[in-house]
file upload-v7.cif (mmCIF, C-alpha atoms)
data_work
#
loop_
_atom_site.label_atom_id
_atom_site.label_comp_id
_atom_site.auth_asym_id
_atom_site.auth_seq_id
_atom_site.Cartn_x
_atom_site.Cartn_y
_atom_site.Cartn_z
CA MET A 284 35.63 15.99 -11.70
CA ALA A 285 39.38 15.50 -11.13
CA GLU A 286 40.78 15.96 -7.66
CA ALA A 287 43.42 18.61 -7.14
CA ALA A 288 46.95 17.25 -6.85
CA THR A 289 48.32 17.25 -3.33
CA ARG A 290 51.10 19.80 -2.96
CA ARG A 291 54.38 18.25 -1.86
CA ALA A 292 56.19 19.99 0.99
CA THR A 293 59.35 21.86 0.07
CA TYR A 294 62.51 22.71 1.94
CA ALA A 295 61.16 26.27 2.25
CA ASP A 296 58.16 24.85 4.13
CA LEU A 297 60.51 23.02 6.45
CA ALA A 298 62.67 26.11 7.05
CA ALA A 299 59.59 28.14 8.00
CA VAL A 300 58.73 25.86 10.94
CA PRO A 301 59.40 27.53 14.33
CA ASP A 302 62.61 26.49 16.11
CA HIS A 303 60.75 24.92 19.03
CA LEU A 304 59.56 22.12 16.70
CA VAL A 305 61.41 19.37 14.84
CA ALA A 306 60.41 19.37 11.16
CA GLU A 307 60.82 16.62 8.59
CA ILE A 308 59.54 15.92 5.08
CA VAL A 309 58.35 12.32 4.83
CA ASP A 310 56.75 11.10 1.60
CA GLY A 311 56.22 14.71 0.54
CA VAL A 312 54.38 15.65 3.74
CA LEU A 313 55.70 18.19 6.23
CA GLU A 314 55.74 16.47 9.63
CA THR A 315 56.37 18.42 12.83
CA HIS A 316 56.61 17.40 16.45
CA PRO A 317 57.80 18.99 19.71
CA ARG A 318 61.48 19.05 20.59
CA PRO A 319 62.42 15.99 22.67
CA ARG A 320 61.86 16.03 26.43
CA PRO A 321 64.76 15.69 28.92
CA ARG A 322 64.26 11.92 29.39
CA HIS A 323 64.53 11.46 25.61
CA LEU A 324 67.56 13.77 25.32
CA THR A 325 69.33 12.08 28.23
CA ALA A 326 68.83 8.62 26.69
CA ALA A 327 70.24 9.87 23.35
CA SER A 328 73.20 11.50 25.06
CA ASP A 329 73.89 8.45 27.22
CA LEU A 330 73.67 6.09 24.25
CA GLY A 331 76.10 8.28 22.29
CA THR A 332 78.46 8.28 25.27
CA LEU A 333 78.27 4.49 25.74
CA LEU A 334 78.93 3.81 22.06
CA GLY A 335 81.39 6.66 21.47
CA GLY A 336 84.28 5.39 23.59
CA PRO A 337 84.62 1.94 22.06
CA PHE A 338 83.21 2.57 18.59
CA ARG A 339 84.26 6.16 17.84
CA TYR A 340 87.57 6.36 19.66
CA GLY A 341 88.53 2.69 19.91
CA ARG A 342 88.71 2.76 23.73
CA GLY A 343 87.99 -0.84 24.61
CA GLY A 344 86.45 -1.49 21.19
CA PRO A 345 87.16 -1.46 17.46
CA GLY A 346 86.67 2.28 16.77
CA GLY A 347 86.03 3.46 13.23
CA TRP A 348 82.62 5.18 13.52
CA ILE A 349 81.39 8.79 13.33
CA PHE A 350 78.33 9.54 15.53
CA MET A 351 75.92 12.48 15.28
CA VAL A 352 72.94 13.56 17.34
CA GLU A 353 69.89 14.72 15.35
CA PRO A 354 71.60 15.10 11.95
CA GLU A 355 69.49 16.47 9.11
CA LEU A 356 69.52 13.71 6.50
CA HIS A 357 68.45 14.25 2.91
CA LEU A 358 67.36 10.87 1.57
CA GLY A 359 66.25 11.76 -1.93
CA SER A 360 63.29 14.12 -1.59
CA ASP A 361 62.76 13.16 2.07
CA VAL A 362 64.33 15.12 4.91
CA VAL A 363 64.54 13.29 8.23
CA VAL A 364 66.11 13.98 11.62
CA PRO A 365 66.86 10.74 13.48
CA ASP A 366 67.78 10.91 17.16
CA LEU A 367 71.22 9.36 16.55
CA ALA A 368 73.06 8.24 13.45
CA ALA A 369 76.48 6.77 12.75
CA TRP A 370 78.65 6.22 9.70
CA ARG A 371 81.56 3.87 9.29
CA ARG A 372 84.61 6.14 9.10
CA GLU A 373 85.52 5.04 5.57
CA ARG A 374 82.09 6.20 4.33
CA MET A 375 82.60 9.69 5.77
CA PRO A 376 86.32 10.37 5.29
CA VAL A 377 86.03 14.17 5.50
CA GLU A 378 83.91 16.58 7.49
CA ILE A 379 80.67 17.56 5.76
CA GLU A 380 80.49 21.34 5.24
CA THR A 381 76.74 21.61 4.62
CA ALA A 382 74.05 21.82 7.31
CA PHE A 383 72.61 18.55 6.00
CA ILE A 384 74.02 15.16 5.04
CA ALA A 385 73.07 13.31 1.86
CA THR A 386 75.16 10.18 2.56
CA PRO A 387 72.87 7.69 4.30
CA PRO A 388 74.30 6.52 7.64
CA ASP A 389 75.12 2.90 8.41
CA TRP A 390 73.13 2.92 11.68
CA ILE A 391 70.22 4.93 13.05
CA CYS A 392 68.59 4.96 16.47
CA GLU A 393 65.13 6.43 16.90
CA ILE A 394 63.90 7.05 20.43
CA LEU A 395 60.17 6.58 20.37
CA SER A 396 57.81 9.08 21.93
CA PRO A 397 54.04 9.50 21.65
CA SER A 398 54.52 12.24 19.03
CA THR A 399 57.00 10.28 16.87
CA ALA A 400 56.30 6.53 17.24
CA ARG A 401 53.91 6.42 14.27
CA LEU A 402 56.51 7.96 11.94
CA ASP A 403 59.49 6.10 13.41
CA ARG A 404 57.86 2.66 13.21
CA GLY A 405 56.12 3.31 9.88
CA PRO A 406 57.19 5.64 7.07
CA LYS A 407 60.66 6.51 8.40
CA ARG A 408 61.57 2.86 8.95
CA ARG A 409 60.55 2.18 5.32
CA LEU A 410 62.58 5.17 4.09
CA TYR A 411 65.63 3.94 6.00
CA ALA A 412 65.34 0.54 4.29
CA GLU A 413 64.94 2.16 0.87
CA ALA A 414 68.06 4.27 1.53
CA GLY A 415 70.05 1.10 2.30
CA ILE A 416 70.79 1.95 5.95
CA SER A 417 72.13 -1.31 7.37
CA TYR A 418 71.02 -1.10 11.01
CA LEU A 419 68.13 0.46 12.90
CA TRP A 420 67.52 0.58 16.64
CA LEU A 421 64.17 1.61 18.10
CA LEU A 422 64.33 2.57 21.78
CA ASP A 423 60.98 2.71 23.56
CA LEU A 424 61.54 4.55 26.83
CA ALA A 425 57.96 4.06 28.05
CA ASP A 426 58.14 0.27 27.70
CA GLY A 427 61.86 -0.01 28.53
CA VAL A 428 62.64 -1.97 25.35
CA LEU A 429 65.28 -1.67 22.64
CA GLU A 430 64.62 -3.39 19.31
CA SER A 431 67.52 -3.94 16.92
CA PHE A 432 67.00 -4.51 13.19
CA ALA A 433 69.38 -5.40 10.35
CA LEU A 434 68.55 -4.76 6.72
CA THR A 435 68.45 -8.09 4.89
CA ALA A 436 67.43 -8.31 1.22
CA GLY A 437 65.71 -4.91 1.52
CA GLN A 438 63.64 -5.92 4.57
CA TRP A 439 64.14 -5.30 8.29
CA LEU A 440 65.07 -8.42 10.25
CA LEU A 441 64.63 -8.18 14.03
CA THR A 442 68.00 -9.19 15.51
CA ALA A 443 67.39 -8.47 19.20
CA THR A 444 64.77 -7.31 21.66
CA VAL A 445 66.30 -6.16 24.93
CA GLY A 446 64.34 -5.18 28.03
CA ARG A 447 65.12 -3.48 31.31
CA GLY A 448 67.57 -5.48 33.41
CA GLU A 449 69.16 -7.01 30.30
CA THR A 450 72.38 -6.35 28.39
CA VAL A 451 72.46 -4.79 24.93
CA ALA A 452 74.70 -6.71 22.52
CA ALA A 453 73.10 -5.76 19.22
CA PRO A 454 74.65 -5.30 15.78
CA PRO A 455 76.53 -3.37 14.67
CA PHE A 456 77.72 -2.54 18.19
CA ASP A 457 77.64 -6.01 19.71
CA ALA A 458 81.42 -6.14 20.34
CA VAL A 459 81.02 -4.08 23.54
CA PRO A 460 77.77 -4.87 25.41
CA PHE A 461 76.21 -2.47 27.93
CA PRO A 462 73.26 -2.62 30.34
CA LEU A 463 70.06 -1.20 28.86
CA ASP A 464 69.36 0.29 32.31
CA ASP A 465 72.25 2.73 31.69
CA LEU A 466 69.83 4.64 29.40
CA PHE A 467 67.39 5.26 32.30
CA PRO A 468 69.37 7.40 34.78
CA PHE A 469 66.27 8.86 36.48
CA ASP A 470 64.76 5.46 37.23
CA PRO A 471 65.76 3.32 40.20
CA PRO A 472 68.07 0.47 39.23
CA PHE A 473 66.21 -2.49 37.80
CA ALA A 474 65.55 -5.12 40.46
CA SER A 475 65.09 -8.66 39.29
CA PRO A 476 62.23 -10.64 40.87
CA GLU A 477 64.78 -12.96 42.54
CA ALA A 478 66.39 -10.09 44.44
#

call {"tool": "encode", "arguments": {"input": "upload-v7.cif", "output": "structure tokens"}}
result
Amino acid sequence: MAEAATRRATYADLAAVPDHLVAEIVDGVLETHPRPRPRHLTAASDLGTLLGGPFRYGRGGPGGWIFMVEPELHLGSDVVVPDLAAWRRERMPVEIETAFIATPPDWICEILSPSTARLDRGPKRRLYAEAGISYLWLLDLADGVLESFALTAGQWLLTATVGRGETVAAPPFDAVPFPLDDLFPFDPPFASPEA
């Protein structure tokens, strides 16, 4: 007896998800998870602020990037909502008028949480590589670690692992380093063992 074909999620399925959840379609499956908590949102906001001055506006850095928080990306039949994404200005010369973006970004940062780590480290990371996104950062707030990856020959190459008390100088934003601890405003400042 043949098994019934699995029904692929549609955009209508995604639109029907209540507003208090984030909804994505990954490999044809509707994935939902709670809206981010304040610690997660603060880290995303702070990272956007740290990168925006030098890389968006050219204040102390090269400029030339467009940053967005939680954009809805349509990557073929997949619909994903990364925590942060950025495009080189020449790849997004005009403002997008739709509620979604079909042009893959040049950089994505996913902030891992218990409800998203499986997707962020697994299927979404694969989708980002397939879409040709050049850089991926994974920020693990629980462990206090930022991993930076560059797409090389269709595979993710780990370019940096930065922990609490260290400085982030990771591509493509390595021209203007910043302390990773800046993304943890509710934690006491990191104290090195020598202090």

call {"tool": "residues_around", "arguments": {"input": "upload-v7.cif", "residues": "Ala368 of chain A", "least_positions_apart": "6", "cutoff": "7 Å", "atoms": "all atoms listed in the file", "output": "MDAnalysis selection string"}}
result
chainID A and resid 350:352 388 390:392

call {"tool": "resolve_selection", "arguments": {"input": "upload-v7.cif", "expression": "the PyMOL selection byres ((chain A and resi 363) around 12)", "output": "PDB file with C-alpha atoms, in the coordinates of the input"}}
result
ATOM      1  CA  TYR A 294      62.510  22.710   1.940  1.00  0.00           C
ATOM      2  CA  LEU A 297      60.510  23.020   6.450  1.00  0.00           C
ATOM      3  CA  VAL A 305      61.410  19.370  14.840  1.00  0.00           C
ATOM      4  CA  ALA A 306      60.410  19.370  11.160  1.00  0.00           C
ATOM      5  CA  GLU A 307      60.820  16.620   8.590  1.00  0.00           C
ATOM      6  CA  ILE A 308      59.540  15.920   5.080  1.00  0.00           C
ATOM      7  CA  VAL A 309      58.350  12.320   4.830  1.00  0.00           C
ATOM      8  CA  ASP A 310      56.750  11.100   1.600  1.00  0.00           C
ATOM      9  CA  GLY A 311      56.220  14.710   0.540  1.00  0.00           C
ATOM     10  CA  VAL A 312      54.380  15.650   3.740  1.00  0.00           C
ATOM     11  CA  LEU A 313      55.700  18.190   6.230  1.00  0.00           C
ATOM     12  CA  GLU A 314      55.740  16.470   9.630  1.00  0.00           C
ATOM     13  CA  THR A 315      56.370  18.420  12.830  1.00  0.00           C
ATOM     14  CA  GLU A 353      69.890  14.720  15.350  1.00  0.00           C
ATOM     15  CA  PRO A 354      71.600  15.100  11.950  1.00  0.00           C
ATOM     16  CA  GLU A 355      69.490  16.470   9.110  1.00  0.00           C
ATOM     17  CA  LEU A 356      69.520  13.710   6.500  1.00  0.00           C
ATOM     18  CA  HIS A 357      68.450  14.250   2.910  1.00  0.00           C
ATOM     19  CA  LEU A 358      67.360  10.870   1.570  1.00  0.00           C
ATOM     20  CA  GLY A 359      66.250  11.760  -1.930  1.00  0.00           C
ATOM     21  CA  SER A 360      63.290  14.120  -1.590  1.00  0.00           C
ATOM     22  CA  ASP A 361      62.760  13.160   2.070  1.00  0.00           C
ATOM     23  CA  VAL A 362      64.330  15.120   4.910  1.00  0.00           C
ATOM     24  CA  VAL A 364      66.110  13.980  11.620  1.00  0.00           C
ATOM     25  CA  PRO A 365      66.860  10.740  13.480  1.00  0.00           C
ATOM     26  CA  ASP A 366      67.780  10.910  17.160  1.00  0.00           C
ATOM     27  CA  LEU A 367      71.220   9.360  16.550  1.00  0.00           C
ATOM     28  CA  ALA A 368      73.060   8.240  13.450  1.00  0.00           C
ATOM     29  CA  PHE A 383      72.610  18.550   6.000  1.00  0.00           C
ATOM     30  CA  ILE A 384      74.020  15.160   5.040  1.00  0.00           C
ATOM     31  CA  ALA A 385      73.070  13.310   1.860  1.00  0.00           C
ATOM     32  CA  PRO A 387      72.870   7.690   4.300  1.00  0.00           C
ATOM     33  CA  PRO A 388      74.300   6.520   7.640  1.00  0.00           C
ATOM     34  CA  ILE A 391      70.220   4.930  13.050  1.00  0.00           C
ATOM     35  CA  GLU A 393      65.130   6.430  16.900  1.00  0.00           C
ATOM     36  CA  THR A 399      57.000  10.280  16.870  1.00  0.00           C
ATOM     37  CA  LEU A 402      56.510   7.960  11.940  1.00  0.00           C
ATOM     38  CA  ASP A 403      59.490   6.100  13.410  1.00  0.00           C
ATOM     39  CA  PRO A 406      57.190   5.640   7.070  1.00  0.00           C
ATOM     40  CA  LYS A 407      60.660   6.510   8.400  1.00  0.00           C
ATOM     41  CA  ARG A 408      61.570   2.860   8.950  1.00  0.00           C
ATOM     42  CA  LEU A 410      62.580   5.170   4.090  1.00  0.00           C
ATOM     43  CA  TYR A 411      65.630   3.940   6.000  1.00  0.00           C
ATOM     44  CA  ALA A 414      68.060   4.270   1.530  1.00  0.00           C
TER      45      ALA A 414
END

call {"tool": "atom_distance", "arguments": {"input": "upload-v7.cif", "atom1": "atom CA of Leu395 of chain A", "atom2": "atom CA of Glu380 of chain A"}}
result
29.3 Å

call {"tool": "residues_around", "arguments": {"input": "upload-v7.cif", "residues": "Phe432 of chain A", "least_positions_apart": "5", "cutoff": "9 Å", "atoms": "all atoms listed in the file", "output": "JSON, numbers by chain"}}
result
{"A": [417, 418, 419, 420, 421, 439, 440, 441, 442, 443, 453, 454]}

call {"tool": "atom_distance", "arguments": {"input": "upload-v7.cif", "atom1": "atom CA of Ala458 of chain A", "atom2": "atom CA of Gly346 of chain A"}}
result
10.5 Å

call {"tool": "residues_around", "arguments": {"input": "upload-v7.cif", "residues": "Leu466 of chain A", "least_positions_apart": "4", "cutoff": "7 Å", "atoms": "all atoms listed in the file", "output": "ChimeraX atom specification"}}
result
/A:326,329-330

call {"tool": "closest_residue", "arguments": {"input": "upload-v7.cif", "among": "A:Gly446, A:Gly344, A:His316, A:Thr293", "to": "Pro460 of chain A", "atoms": "all atoms listed in the file"}}
result
A:Gly344

call {"tool": "atom_distance", "arguments": {"input": "upload-v7.cif", "atom1": "atom CA of Ala327 of chain A", "atom2": "atom CA of Trp348 of chain A"}}
result
16.5 Å

call {"tool": "closest_residue", "arguments": {"input": "upload-v7.cif", "among": "A:Glu373, A:Asp389, A:Asp302, A:Asp464", "to": "Leu422 of chain A", "atoms": "only C-alpha atoms"}}
result
A:Asp464

call {"tool": "closest_residue", "arguments": {"input": "upload-v7.cif", "among": "A:Asp426, A:Ile379, A:Phe467, A:Arg401", "to": "Pro321 of chain A", "atoms": "all atoms listed in the file"}}
result
A:Phe467

call {"tool": "closest_residue", "arguments": {"input": "upload-v7.cif", "among": "A:Gly448, A:Ile349, A:Ser396, A:Phe469", "to": "Gly336 of chain A", "atoms": "all atoms listed in the file"}}
result
A:Ile349

call {"tool": "resolve_selection", "arguments": {"input": "upload-v7.cif", "expression": "the PyMOL selection byres ((chain A and resi 461) around 7)", "output": "VMD selection string"}}
result
chain A and resid 450 to 451 459 to 460 462 to 463

call {"tool": "closest_residue", "arguments": {"input": "upload-v7.cif", "among": "A:Leu424, A:Ala295, A:Ala436, A:Arg342", "to": "Thr325 of chain A", "atoms": "all atoms listed in the file"}}
result
A:Leu424

call {"tool": "closest_residue", "arguments": {"input": "upload-v7.cif", "among": "A:Gly347, A:Pro397, A:Gly415, A:Gly341", "to": "Thr435 of chain A", "atoms": "only C-alpha atoms"}}
result
A:Gly415

call {"tool": "residues_around", "arguments": {"input": "upload-v7.cif", "residues": "Leu333 of chain A", "least_positions_apart": "5", "cutoff": "9 Å", "atoms": "only C-alpha atoms", "output": "PyMOL selection string"}}
result
chain A and resi 328+338+461+465

call {"tool": "build_atoms", "arguments": {"input": "upload-v7.cif", "residues": "segment 390-416 of chain A", "atoms": "N, CA and C atoms", "output": "PDB file, keeping the file's coordinate frame"}}
result
ATOM      1  N   TRP A 390      73.944   3.274  10.508  1.00  0.00           N
ATOM      2  CA  TRP A 390      73.130   2.920  11.680  1.00  0.00           C
ATOM      3  C   TRP A 390      72.314   4.134  12.095  1.00  0.00           C
ATOM      4  N   ILE A 391      71.085   3.877  12.507  1.00  0.00           N
ATOM      5  CA  ILE A 391      70.220   4.930  13.050  1.00  0.00           C
ATOM      6  C   ILE A 391      69.565   4.392  14.314  1.00  0.00           C
ATOM      7  N   CYS A 392      69.400   5.274  15.295  1.00  0.00           N
ATOM      8  CA  CYS A 392      68.590   4.960  16.470  1.00  0.00           C
ATOM      9  C   CYS A 392      67.504   6.018  16.579  1.00  0.00           C
ATOM     10  N   GLU A 393      66.273   5.557  16.636  1.00  0.00           N
ATOM     11  CA  GLU A 393      65.130   6.430  16.900  1.00  0.00           C
ATOM     12  C   GLU A 393      64.636   6.133  18.308  1.00  0.00           C
ATOM     13  N   ILE A 394      64.445   7.176  19.088  1.00  0.00           N
ATOM     14  CA  ILE A 394      63.900   7.050  20.430  1.00  0.00           C
ATOM     15  C   ILE A 394      62.435   7.406  20.338  1.00  0.00           C
ATOM     16  N   LEU A 395      61.599   6.420  20.572  1.00  0.00           N
ATOM     17  CA  LEU A 395      60.170   6.580  20.370  1.00  0.00           C
ATOM     18  C   LEU A 395      59.545   7.455  21.445  1.00  0.00           C
ATOM     19  N   SER A 396      58.614   8.278  21.013  1.00  0.00           N
ATOM     20  CA  SER A 396      57.810   9.080  21.930  1.00  0.00           C
ATOM     21  C   SER A 396      56.392   9.090  21.369  1.00  0.00           C
ATOM     22  N   PRO A 397      55.410   9.493  22.172  1.00  0.00           N
ATOM     23  CA  PRO A 397      54.040   9.500  21.650  1.00  0.00           C
ATOM     24  C   PRO A 397      53.880  10.321  20.364  1.00  0.00           C
ATOM     25  N   SER A 398      54.670  11.392  20.217  1.00  0.00           N
ATOM     26  CA  SER A 398      54.520  12.240  19.030  1.00  0.00           C
ATOM     27  C   SER A 398      55.291  11.727  17.818  1.00  0.00           C
ATOM     28  N   THR A 399      56.190  10.740  18.005  1.00  0.00           N
ATOM     29  CA  THR A 399      57.000  10.280  16.870  1.00  0.00           C
ATOM     30  C   THR A 399      56.880   8.793  16.552  1.00  0.00           C
ATOM     31  N   ALA A 400      56.305   8.000  17.429  1.00  0.00           N
ATOM     32  CA  ALA A 400      56.300   6.530  17.240  1.00  0.00           C
ATOM     33  C   ALA A 400      55.662   6.121  15.921  1.00  0.00           C
ATOM     34  N   ARG A 401      54.575   6.762  15.527  1.00  0.00           N
ATOM     35  CA  ARG A 401      53.910   6.420  14.270  1.00  0.00           C
ATOM     36  C   ARG A 401      54.863   6.591  13.087  1.00  0.00           C
ATOM     37  N   LEU A 402      55.560   7.715  13.040  1.00  0.00           N
ATOM     38  CA  LEU A 402      56.510   7.960  11.940  1.00  0.00           C
ATOM     39  C   LEU A 402      57.723   7.042  12.028  1.00  0.00           C
ATOM     40  N   ASP A 403      58.265   6.891  13.243  1.00  0.00           N
ATOM     41  CA  ASP A 403      59.490   6.100  13.410  1.00  0.00           C
ATOM     42  C   ASP A 403      59.271   4.632  13.063  1.00  0.00           C
ATOM     43  N   ARG A 404      58.142   4.077  13.472  1.00  0.00           N
ATOM     44  CA  ARG A 404      57.860   2.660  13.210  1.00  0.00           C
ATOM     45  C   ARG A 404      57.317   2.419  11.803  1.00  0.00           C
ATOM     46  N   GLY A 405      56.758   3.459  11.182  1.00  0.00           N
ATOM     47  CA  GLY A 405      56.120   3.310   9.880  1.00  0.00           C
ATOM     48  C   GLY A 405      56.941   3.885   8.743  1.00  0.00           C
ATOM     49  N   PRO A 406      56.563   5.088   8.271  1.00  0.00           N
ATOM     50  CA  PRO A 406      57.190   5.640   7.070  1.00  0.00           C
ATOM     51  C   PRO A 406      58.710   5.833   7.166  1.00  0.00           C
ATOM     52  N   LYS A 407      59.208   6.286   8.323  1.00  0.00           N
ATOM     53  CA  LYS A 407      60.660   6.510   8.400  1.00  0.00           C
ATOM     54  C   LYS A 407      61.421   5.190   8.357  1.00  0.00           C
ATOM     55  N   ARG A 408      60.901   4.169   8.995  1.00  0.00           N
ATOM     56  CA  ARG A 408      61.570   2.860   8.950  1.00  0.00           C
ATOM     57  C   ARG A 408      61.631   2.364   7.498  1.00  0.00           C
ATOM     58  N   ARG A 409      60.546   2.553   6.744  1.00  0.00           N
ATOM     59  CA  ARG A 409      60.550   2.180   5.320  1.00  0.00           C
ATOM     60  C   ARG A 409      61.574   2.998   4.539  1.00  0.00           C
ATOM     61  N   LEU A 410      61.618   4.319   4.784  1.00  0.00           N
ATOM     62  CA  LEU A 410      62.580   5.170   4.090  1.00  0.00           C
ATOM     63  C   LEU A 410      64.020   4.742   4.386  1.00  0.00           C
ATOM     64  N   TYR A 411      64.283   4.374   5.630  1.00  0.00           N
ATOM     65  CA  TYR A 411      65.630   3.940   6.000  1.00  0.00           C
ATOM     66  C   TYR A 411      66.011   2.671   5.239  1.00  0.00           C
ATOM     67  N   ALA A 412      65.068   1.761   5.063  1.00  0.00           N
ATOM     68  CA  ALA A 412      65.340   0.540   4.290  1.00  0.00           C
ATOM     69  C   ALA A 412      65.592   0.891   2.829  1.00  0.00           C
ATOM     70  N   GLU A 413      64.768   1.759   2.272  1.00  0.00           N
ATOM     71  CA  GLU A 413      64.940   2.160   0.870  1.00  0.00           C
ATOM     72  C   GLU A 413      66.267   2.858   0.637  1.00  0.00           C
ATOM     73  N   ALA A 414      66.769   3.571   1.643  1.00  0.00           N
ATOM     74  CA  ALA A 414      68.060   4.270   1.530  1.00  0.00           C
ATOM     75  C   ALA A 414      69.241   3.327   1.730  1.00  0.00           C
ATOM     76  N   GLY A 415      68.974   2.077   2.123  1.00  0.00           N
ATOM     77  CA  GLY A 415      70.050   1.100   2.300  1.00  0.00           C
ATOM     78  C   GLY A 415      70.786   1.225   3.621  1.00  0.00           C
ATOM     79  N   ILE A 416      70.166   1.838   4.623  1.00  0.00           N
ATOM     80  CA  ILE A 416      70.790   1.950   5.950  1.00  0.00           C
ATOM     81  C   ILE A 416      70.799   0.549   6.555  1.00  0.00           C
TER      82      ILE A 416
END
